[in-house]
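Visitor: Sharing a structure, written as structure tokens. Questions coming.
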Amino acid sequence: TISNSQIGVLMHGPTFMANPLACSVAIASIELLLETSWENRVSNIEKVFSQELKEAKSLSLVKDVRNIGAIGIIELKDENYAQEIQDYCVKNGVWIRPFGKLIYSIVAYTIEEGDLRKITQVMIDAIKNIEK
């Protein structure tokens, strides 16, 4: 066994306790980020989110649409549909984060534009599916 404790798991500590492996990965990730034109990528992601989510504003269940950087948000008028929307998205290969009346996606800076457009379209399709 890897642990002698009654819990039976390796107790490595949470991420905020300076786990050496997590710190090494974080440093490598930051170095990789700084070697790229990440600002341009984030700006492009923000532009695509803005263009693509605009369609959701006209849907009856939607109160507002907003985005900043690599975060795209659709605010619903009623939070009762958030779980149904998430289920639809997952079924169609897209993971979104429902939070109350908000459904949103936070994407990696390395996302391809086609994948980003799929995310936004599935989010919109999920709402349209409920409105039928």
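Residues in the structure tokens are numbered from 1 in each chain, the chains being A, B, ... in the order shown, and ligands are numbered from 1 in the order shown.
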For Glu46 in chain A, please output as a compact mmCIF listing (two decimals) with N, CA and C atoms, in the first residue's frame all residues within 12 Å (counting only C-alpha atoms; exclusion window: fewer than 3 positions along the same chain).
Guide:
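Output file selection.txt follows:
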```
# COMPACT_ATOMS: atom_id res chain seq x y z
N GLU A 39 -1.36 37.25 -24.87
CA GLU A 39 -2.26 38.40 -24.85
C GLU A 39 -3.11 38.44 -26.12
N ASN A 40 -2.48 38.15 -27.26
CA ASN A 40 -3.21 38.11 -28.53
C ASN A 40 -4.23 36.99 -28.55
N ARG A 41 -3.84 35.84 -28.02
CA ARG A 41 -4.75 34.70 -27.98
C ARG A 41 -5.97 35.01 -27.12
N VAL A 42 -5.76 35.61 -25.96
CA VAL A 42 -6.87 35.95 -25.07
C VAL A 42 -7.77 37.00 -25.73
N SER A 43 -7.17 37.96 -26.39
CA SER A 43 -7.94 38.98 -27.09
C SER A 43 -8.82 38.35 -28.18
N PHE A 49 -15.93 34.97 -28.29
CA PHE A 49 -17.01 34.86 -27.31
C PHE A 49 -18.04 35.96 -27.55
N SER A 50 -17.59 37.18 -27.74
CA SER A 50 -18.49 38.32 -27.93
C SER A 50 -19.35 38.13 -29.17
N GLN A 51 -18.73 37.75 -30.29
CA GLN A 51 -19.47 37.54 -31.54
C GLN A 51 -20.46 36.39 -31.43
N GLU A 52 -19.99 35.27 -30.90
CA GLU A 52 -20.79 34.06 -30.89
C GLU A 52 -21.93 34.08 -29.87
N LEU A 53 -21.68 34.65 -28.70
CA LEU A 53 -22.72 34.65 -27.66
C LEU A 53 -23.77 35.73 -27.88
N ARG A 66 -22.37 38.28 -21.35
CA ARG A 66 -21.16 39.08 -21.19
C ARG A 66 -19.93 38.19 -21.26
N ASN A 67 -18.82 38.82 -21.49
CA ASN A 67 -17.57 38.07 -21.53
C ASN A 67 -16.42 39.01 -21.22
N ILE A 68 -15.38 38.41 -20.72
CA ILE A 68 -14.12 39.12 -20.50
C ILE A 68 -13.00 38.11 -20.66
N GLY A 69 -12.05 38.45 -21.50
CA GLY A 69 -10.94 37.55 -21.74
C GLY A 69 -11.41 36.18 -22.19
N ALA A 70 -11.00 35.15 -21.49
CA ALA A 70 -11.31 33.77 -21.85
C ALA A 70 -12.52 33.24 -21.09
N ILE A 71 -13.40 34.14 -20.65
CA ILE A 71 -14.60 33.74 -19.91
C ILE A 71 -15.82 34.25 -20.67
N GLY A 72 -16.72 33.32 -21.00
CA GLY A 72 -17.98 33.67 -21.66
C GLY A 72 -19.14 33.29 -20.77
N ILE A 73 -20.07 34.23 -20.57
CA ILE A 73 -21.16 34.02 -19.60
C ILE A 73 -22.51 34.32 -20.24
N SER A 105 -18.32 29.48 -19.46
CA SER A 105 -17.20 28.65 -19.87
C SER A 105 -15.93 29.47 -19.71
N ILE A 106 -14.93 28.85 -19.10
CA ILE A 106 -13.60 29.44 -19.01
C ILE A 106 -12.69 28.51 -19.79
N VAL A 107 -12.12 29.03 -20.86
CA VAL A 107 -11.36 28.17 -21.75
C VAL A 107 -9.85 28.40 -21.63
N ALA A 108 -9.10 27.41 -22.04
CA ALA A 108 -7.65 27.51 -22.07
C ALA A 108 -7.23 28.51 -23.14
N TYR A 109 -6.14 29.20 -22.88
CA TYR A 109 -5.62 30.16 -23.86
C TYR A 109 -5.18 29.49 -25.14
N ILE A 111 -6.92 27.20 -26.78
CA ILE A 111 -8.07 26.63 -27.48
C ILE A 111 -8.06 27.04 -28.96
N GLU A 113 -9.96 27.97 -32.43
CA GLU A 113 -11.18 28.75 -32.67
C GLU A 113 -12.39 27.87 -32.95
N LEU A 116 -13.74 26.63 -29.70
CA LEU A 116 -14.42 27.70 -28.99
C LEU A 116 -15.81 27.95 -29.57
N ARG A 117 -15.89 27.95 -30.87
CA ARG A 117 -17.20 28.15 -31.53
C ARG A 117 -18.15 26.99 -31.22
N THR A 120 -19.60 27.71 -27.68
CA THR A 120 -20.64 28.73 -27.67
C THR A 120 -21.92 28.24 -28.34
```
Visitor: As a PyMOL selection string, please: the residues near Leu102 in chain A (cut-off 12 Å, only C-alpha atoms, same-chain neighbours under 6 positions excluded).
Guide: chain A and resi 61-67+71-83+85-86+96+123
Visitor: Tell me, which residues of chain A carry DSSP alpha helix (DSSP H), written as a ChimeraX atom specification?
Guide: /A:20-34,38-53,82-91,113-131
Visitor: May I have all residues of chain A that DSSP, computed from the backbone, assigns to strand (DSSP E or B), given as number ranges by chain?
Guide: A: 62-68, 71-76, 97-99, 102-106
Visitor: Provide the CA of Arg97 in chain A to CA of Thr36 in chain A distance in Å, to one decimal place.
Guide: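 It comes out at 27.3 Å.
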Visitor: Find the residue from A:Glu84, A:Leu33, A:Ile45, A:Ala18 that sits nearest to Ala126 in chain A; use only C-alpha atoms when measuring.
Guide: A:Glu84
